[in-house]
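Participant: Structure incoming, see below.
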Amino acid sequence: MNGATGTKMRGAYGLLVGASLLSIAGTGPALAQDAAPAQAEADTGGLEMITVTARRRAESLQDTPIAISAVTSEGLAQRGIETVTQIGDFTPNVKFNSSVPVSASNATAAIFIRGIGQNDYQLSADPGVGLYLDGVYISRGVGNVLDVMNVERIEVLRGPQGTLFGRNTIGGAVSVVTQKPTDTLGGNFEVSTGSHNRVQLKGILNLPLAEGIYSNVAGFYHKRDGYVKGVVDGAPDLGDTDNLAGRFALRLEPSSNVTIDLAVDGSRTRENSAPNVMLRVDENAPAAQAWNAGYSGAGAICADPLNPARLTDQRCYNSQWALAPYRHGGTFSAISDVFANGNPKPYQSGSDVDIWGISGTIEWKITDDLTLKSITAYRKVTGFWTRDSDHSPASIVQTNSDWTQDQFSEELQLLGETGDGRLNWVIGGYYSSESGNHKDLVNLIDAVFLSGAVLDGESLAAFGQATYEIVDNLNLTAGIRWTEDKKTFGNANQYVVEAGFLTGLPFNPDGSGLQNGDPLMGPLGQTATITDRAWTPMVSLAYRWSPELLTYVSYSEGFKGGGFTQRVFPPFAFIPSFKPETSTTYEFGFKSDLAGRTLRLNGAAFLNDYDDLQVTVNDPTLGFAPIIQNAAKARIKGIELELEARPVDALRIEAGIGYLDAKYRRVDIRALNAGVTTDTKLQNAPKWTLSAGISYLIEAPGLGSFQPRVDWSYRSRVYNDAVNNPLLVQDGYHLVNASIAFNDESERWGLSLGVKNLTKEVYLGSGYADAFGGITEGVYGRPREWYLSARYKF
């Protein structure tokens, strides 16, 4: 650590410790009192007490010794949140990429918490942050851009959650909890319009059917034009929205001690490709040279680096197509008959995704102190999406993908507590299975490759955790989980369809020339299996100094499953795989409600040892496609502070600060070959994440009320790839959103007018560099947009 960094870290930790001491000092004589449960104050005014289920049981946010950010449906509505990905703008040390590199799908997001995640959506690689919908784990990145529909709250758990949530929560977990049916007839409906011809409809109806039988139904429709404009004939506008979703939930209460929750949800998306744009073209790259010299039809112009006419001739491939941030020249036209005849769908701009799922939760209160819970779920995702990776009328690199994946899971929990409440515990078991088939058809000038993965996986786990009150207000929590994770990968999709201009080049493992029908990985039909086993313990000690202050220290471990690299070029003699990555986190935190519960200050400081990082790199010794390898060890430490204040009833202030000091401690030869060194910065790990929001309720007697609101967020410099390509580095940027809401006196009717990205900030959200094609591309955040919403509830 250099002197400047050390000074900043000491100052940051000093701020956190100082805030904690200030909290203790502010409670003064109350230290000698017995600490009453925080939930008991829920109705005494002040800040809202939020109930969370981060430890698999309902408890107050302020009683939970975990670094959690929780936002309710009201908070989501006030911020104008449309999808789960947008919560990253105001959550400390969290970054959501709304569209991951290489993917053309708009339904694929990468979640990073405290610098840990996975930036690749491929079927054979696991995410690093777990996403849960009503306790059901969503195992793949495709389909994880959940619409905010009938949501009760969203919980963001930072740090490894391997004990209660399991594998692939090495960075943390995001838990989305929906509103359950009740015995009251009611509902709300909302219609919105705005920039890019936006039309959005959503509604929720809660409908009791009979005594002990309740239901609700929610619907969502959103359509708007793309914000990345096509500049040549046939080039579609990208970044559009065309999504239809619905959810039906049924609650059965056959007796006073049994509750059954059933839910069916689905969505249908028919959009153009993700809004990728060109940042730079390297005319000297192999594929670019081949196109300009032999396939452009204007070789004398395009291949002459001294001829300025090449920069205006649309047949040439060069920097004239670097049209970022909001324009592109891709035409999505096919060059090979394979796309029309050998593929199930024509090659055109598209991001089509269909998702449906069904889940059932049974909760049986066996006795006052013992509860059995079962969560059963099935989920299926099918998709088809395309990319014109060269972003021009040239046919250099174009792809389409077919994706099918389904998963089944069952979790059993037995929860209990002693009669005096000093001990509560949960034990359980978990089983899941999934299968998927991902086909990537890649057109490289006149060479065509079919790659992808056929994957079958099973996961089995047993876990237990208990909290014991050693003495009054001092609680010890300990838990452990055992996981066995098995994956089988098949390379039936991996072969050369047409060798084209690459015919005869010595790409095969035996040195022979590339030919039609050659496998890209080992013999066709070859399979490989990996089995990962892990123990993930945790322990924490929490002390409630007073009703206003809780402090805790904790130790936790997590792991992310191993997998396979499914994109291979040139051919390999084997199926490349990688091992799990692991993390160990030490954390100190506090939860405080001060000044008569009008000021809430929560914070955490942590140190994370991060081992066997799965780094996605282009290693030139292994070919041209990105390869995932366990190539590094890192250390991540930082702080998080969240503030919420209501000094007067009408004024609400929210703020968050996140600080990360993330660095590689060791990289091996595989990472060095790709350009990763110990001086390289971890991707998607900004040093600072800051946010603030302020709203004020203005009463208008005889009319209703007005509530203006301003939200601001800041992310410091972000490195969008593993090797820190300068073109993919996004310097620090600010986002400002503003809105004003009106509610009539009955609070049934309302209007909201708002603007997002008020200052027209241009910022890069993700990106990728392809040395063989000479392509550096990225996805920029949405420009300034306005919206107007009208709502009615009853």
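Residues in the structure tokens are numbered from 1 in each chain, the chains being A, B, ... in the order shown, and ligands are numbered from 1 in the order shown.
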Pick out the residues sitting within 8 Å of Val617 of chain A, and hand them over as a list in words; count only C-alpha atoms, and ignore anything fewer than 3 positions along from it in its own chain.

Facilitator: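 Answer for this query is Pro626, Ile627, Ile628, Gln629, Ala671, Ala674, Ala722 and Val723 of chain A.
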
Participant: Generate the output file for the selected residues, N, CA, C and O atoms, as a PDB file, in the first residue's frame.

Facilitator:
```
ATOM      1  N   PRO A 626     -11.926 -15.419 -25.832  1.00  0.00           N
ATOM      2  CA  PRO A 626     -11.683 -15.215 -24.395  1.00  0.00           C
ATOM      3  C   PRO A 626     -11.786 -16.509 -23.617  1.00  0.00           C
ATOM      4  O   PRO A 626     -12.707 -17.303 -23.820  1.00  0.00           O
ATOM      5  N   ILE A 627     -10.834 -16.749 -22.723  1.00  0.00           N
ATOM      6  CA  ILE A 627     -10.751 -17.965 -21.937  1.00  0.00           C
ATOM      7  C   ILE A 627     -10.881 -17.603 -20.462  1.00  0.00           C
ATOM      8  O   ILE A 627     -10.306 -16.615 -19.997  1.00  0.00           O
ATOM      9  N   ILE A 628     -11.648 -18.401 -19.711  1.00  0.00           N
ATOM     10  CA  ILE A 628     -11.767 -18.208 -18.266  1.00  0.00           C
ATOM     11  C   ILE A 628     -10.731 -19.092 -17.582  1.00  0.00           C
ATOM     12  O   ILE A 628     -10.668 -20.297 -17.831  1.00  0.00           O
ATOM     13  N   GLN A 629      -9.921 -18.495 -16.715  1.00  0.00           N
ATOM     14  CA  GLN A 629      -8.861 -19.222 -16.036  1.00  0.00           C
ATOM     15  C   GLN A 629      -8.767 -18.789 -14.577  1.00  0.00           C
ATOM     16  O   GLN A 629      -9.022 -17.628 -14.258  1.00  0.00           O
ATOM     17  N   ALA A 671      -2.308 -15.367 -16.521  1.00  0.00           N
ATOM     18  CA  ALA A 671      -2.773 -13.979 -16.489  1.00  0.00           C
ATOM     19  C   ALA A 671      -1.724 -13.044 -17.072  1.00  0.00           C
ATOM     20  O   ALA A 671      -2.055 -12.091 -17.797  1.00  0.00           O
ATOM     21  N   ALA A 674      -1.807 -12.754 -20.757  1.00  0.00           N
ATOM     22  CA  ALA A 674      -2.929 -11.963 -21.257  1.00  0.00           C
ATOM     23  C   ALA A 674      -2.796 -10.481 -20.939  1.00  0.00           C
ATOM     24  O   ALA A 674      -3.620  -9.683 -21.385  1.00  0.00           O
ATOM     25  N   ALA A 722     -10.569  -7.151 -17.740  1.00  0.00           N
ATOM     26  CA  ALA A 722      -9.541  -7.657 -16.830  1.00  0.00           C
ATOM     27  C   ALA A 722      -8.171  -7.054 -17.082  1.00  0.00           C
ATOM     28  O   ALA A 722      -7.355  -6.962 -16.166  1.00  0.00           O
ATOM     29  N   VAL A 723      -7.880  -6.647 -18.332  1.00  0.00           N
ATOM     30  CA  VAL A 723      -6.534  -6.157 -18.660  1.00  0.00           C
ATOM     31  C   VAL A 723      -6.455  -4.636 -18.650  1.00  0.00           C
ATOM     32  O   VAL A 723      -5.425  -4.063 -18.991  1.00  0.00           O
TER      33      VAL A 723
END
```

Participant: Based on the backbone DSSP call, show me all residues of segment 600-773 of chain A assigned strand (DSSP E or B), as a VMD selection string.

Facilitator: chain A and resid 600 to 617 627 to 645 651 to 667 688 to 696 698 to 700 704 to 715 718 to 719 729 to 730 733 to 744 749 to 756 764 to 770

Participant: For Arg158 of chain A, find every residue with an atom within 10 Å (counting only C-alpha atoms), except residues of its own chain fewer than 4 positions away, and show them as a ChimeraX atom specification.

Facilitator: /A:66-69,92-94,112-114,129,169-174,604,640

Participant: Convert the current residue selection to file output with all heavy atoms, as a compact mmCIF listing (two decimals), in the first residue's frame.

Facilitator:
```
# COMPACT_ATOMS: atom_id res chain seq x y z
N ILE A 66 -25.67 -8.18 9.55
CA ILE A 66 -25.15 -8.38 8.19
C ILE A 66 -25.21 -7.02 7.49
O ILE A 66 -26.10 -6.21 7.77
CB ILE A 66 -25.99 -9.41 7.41
CG1 ILE A 66 -25.99 -10.77 8.11
CG2 ILE A 66 -25.48 -9.57 5.98
CD1 ILE A 66 -26.93 -11.79 7.47
N ALA A 67 -24.27 -6.77 6.58
CA ALA A 67 -24.31 -5.54 5.80
C ALA A 67 -25.41 -5.68 4.74
O ALA A 67 -25.24 -6.37 3.74
CB ALA A 67 -22.97 -5.29 5.15
N ILE A 68 -26.54 -5.03 4.97
CA ILE A 68 -27.70 -5.15 4.09
C ILE A 68 -28.19 -3.76 3.69
O ILE A 68 -28.27 -2.86 4.53
CB ILE A 68 -28.88 -5.87 4.78
CG1 ILE A 68 -28.45 -7.19 5.39
CG2 ILE A 68 -30.03 -6.10 3.79
CD1 ILE A 68 -29.56 -7.85 6.18
N SER A 69 -28.53 -3.62 2.42
CA SER A 69 -29.32 -2.47 1.97
C SER A 69 -30.69 -3.01 1.59
O SER A 69 -30.79 -4.02 0.88
CB SER A 69 -28.68 -1.79 0.76
OG SER A 69 -27.41 -1.27 1.08
N PRO A 92 -24.17 1.10 -1.85
CA PRO A 92 -22.71 1.17 -1.71
C PRO A 92 -22.01 -0.09 -2.19
O PRO A 92 -22.44 -1.21 -1.91
CB PRO A 92 -22.51 1.38 -0.20
CG PRO A 92 -23.78 1.98 0.29
CD PRO A 92 -24.86 1.37 -0.56
N ASN A 93 -20.91 0.09 -2.91
CA ASN A 93 -20.04 -1.00 -3.38
C ASN A 93 -20.78 -2.03 -4.21
O ASN A 93 -20.44 -3.21 -4.21
CB ASN A 93 -19.34 -1.67 -2.19
CG ASN A 93 -18.29 -0.79 -1.56
OD1 ASN A 93 -17.71 0.07 -2.22
ND2 ASN A 93 -18.02 -1.00 -0.29
N VAL A 94 -21.79 -1.59 -4.96
CA VAL A 94 -22.53 -2.47 -5.86
C VAL A 94 -22.50 -1.86 -7.26
O VAL A 94 -22.68 -0.66 -7.43
CB VAL A 94 -23.99 -2.65 -5.41
CG1 VAL A 94 -24.79 -3.45 -6.44
CG2 VAL A 94 -24.04 -3.35 -4.06
N PHE A 112 -21.99 -7.09 -9.58
CA PHE A 112 -20.75 -7.09 -8.81
C PHE A 112 -21.02 -6.44 -7.46
O PHE A 112 -21.59 -5.36 -7.38
CB PHE A 112 -19.65 -6.32 -9.54
CG PHE A 112 -19.01 -7.08 -10.66
CD1 PHE A 112 -19.66 -7.26 -11.86
CD2 PHE A 112 -17.74 -7.63 -10.51
CE1 PHE A 112 -19.08 -7.97 -12.90
CE2 PHE A 112 -17.14 -8.34 -11.53
CZ PHE A 112 -17.80 -8.51 -12.73
N ILE A 113 -20.61 -7.13 -6.38
CA ILE A 113 -20.69 -6.59 -5.03
C ILE A 113 -19.31 -6.65 -4.41
O ILE A 113 -18.67 -7.71 -4.41
CB ILE A 113 -21.70 -7.37 -4.18
CG1 ILE A 113 -23.12 -7.22 -4.75
CG2 ILE A 113 -21.68 -6.89 -2.73
CD1 ILE A 113 -24.19 -7.97 -3.97
N ARG A 114 -18.84 -5.52 -3.93
CA ARG A 114 -17.51 -5.42 -3.33
C ARG A 114 -16.42 -5.94 -4.28
O ARG A 114 -15.46 -6.58 -3.88
CB ARG A 114 -17.45 -6.17 -2.00
CG ARG A 114 -18.31 -5.55 -0.91
CD ARG A 114 -18.24 -6.35 0.39
NE ARG A 114 -18.96 -5.67 1.48
CZ ARG A 114 -19.12 -6.17 2.70
NH1 ARG A 114 -18.60 -7.36 2.99
NH2 ARG A 114 -19.76 -5.49 3.62
N VAL A 129 -22.62 -13.35 -7.84
CA VAL A 129 -23.60 -12.83 -6.90
C VAL A 129 -24.90 -13.56 -7.15
O VAL A 129 -25.38 -13.65 -8.29
CB VAL A 129 -23.79 -11.31 -7.07
CG1 VAL A 129 -24.94 -10.80 -6.20
CG2 VAL A 129 -22.50 -10.57 -6.74
N THR A 169 -22.65 -17.20 -4.15
CA THR A 169 -22.94 -15.96 -3.41
C THR A 169 -21.63 -15.46 -2.79
O THR A 169 -21.63 -14.90 -1.70
CB THR A 169 -24.00 -16.18 -2.32
OG1 THR A 169 -23.57 -17.23 -1.44
CG2 THR A 169 -25.33 -16.55 -2.94
N ILE A 170 -20.54 -15.67 -3.50
CA ILE A 170 -19.21 -15.31 -3.00
C ILE A 170 -19.08 -13.81 -2.81
O ILE A 170 -18.39 -13.33 -1.92
CB ILE A 170 -18.14 -15.87 -3.95
CG1 ILE A 170 -16.74 -15.64 -3.40
CG2 ILE A 170 -18.30 -15.33 -5.35
CD1 ILE A 170 -15.68 -16.35 -4.21
N GLY A 171 -19.77 -13.03 -3.65
CA GLY A 171 -19.76 -11.58 -3.50
C GLY A 171 -20.91 -11.08 -2.65
O GLY A 171 -20.81 -10.04 -2.00
N GLY A 172 -22.00 -11.82 -2.66
CA GLY A 172 -23.19 -11.40 -1.93
C GLY A 172 -24.43 -11.97 -2.59
O GLY A 172 -24.35 -12.87 -3.44
N ALA A 173 -25.58 -11.45 -2.22
CA ALA A 173 -26.85 -11.93 -2.76
C ALA A 173 -27.82 -10.77 -2.90
O ALA A 173 -27.77 -9.80 -2.12
CB ALA A 173 -27.45 -13.02 -1.87
N VAL A 174 -28.68 -10.87 -3.89
CA VAL A 174 -29.77 -9.92 -4.09
C VAL A 174 -31.07 -10.71 -3.99
O VAL A 174 -31.30 -11.65 -4.74
CB VAL A 174 -29.68 -9.21 -5.45
CG1 VAL A 174 -30.88 -8.28 -5.64
CG2 VAL A 174 -28.38 -8.43 -5.56
N ALA A 604 -20.24 -0.64 7.87
CA ALA A 604 -19.45 -1.86 7.94
C ALA A 604 -18.06 -1.59 7.39
O ALA A 604 -17.88 -0.76 6.49
CB ALA A 604 -20.11 -3.00 7.16
N GLU A 640 -18.46 0.75 4.18
CA GLU A 640 -19.79 1.13 3.69
C GLU A 640 -20.52 1.89 4.79
O GLU A 640 -20.49 1.47 5.95
CB GLU A 640 -20.59 -0.12 3.29
CG GLU A 640 -20.06 -0.83 2.08
CD GLU A 640 -20.19 -2.34 2.14
OE1 GLU A 640 -20.68 -2.85 3.17
OE2 GLU A 640 -19.79 -3.01 1.16
```

Participant: Which residues in segment 115-334 of chain A does DSSP call alpha helix (DSSP H)? List them as a list in words.

Facilitator: Pro286, Ala287, Ala288, Gln289, Ala290, Gly299, Ala300, Ile301 and Cys302 of chain A
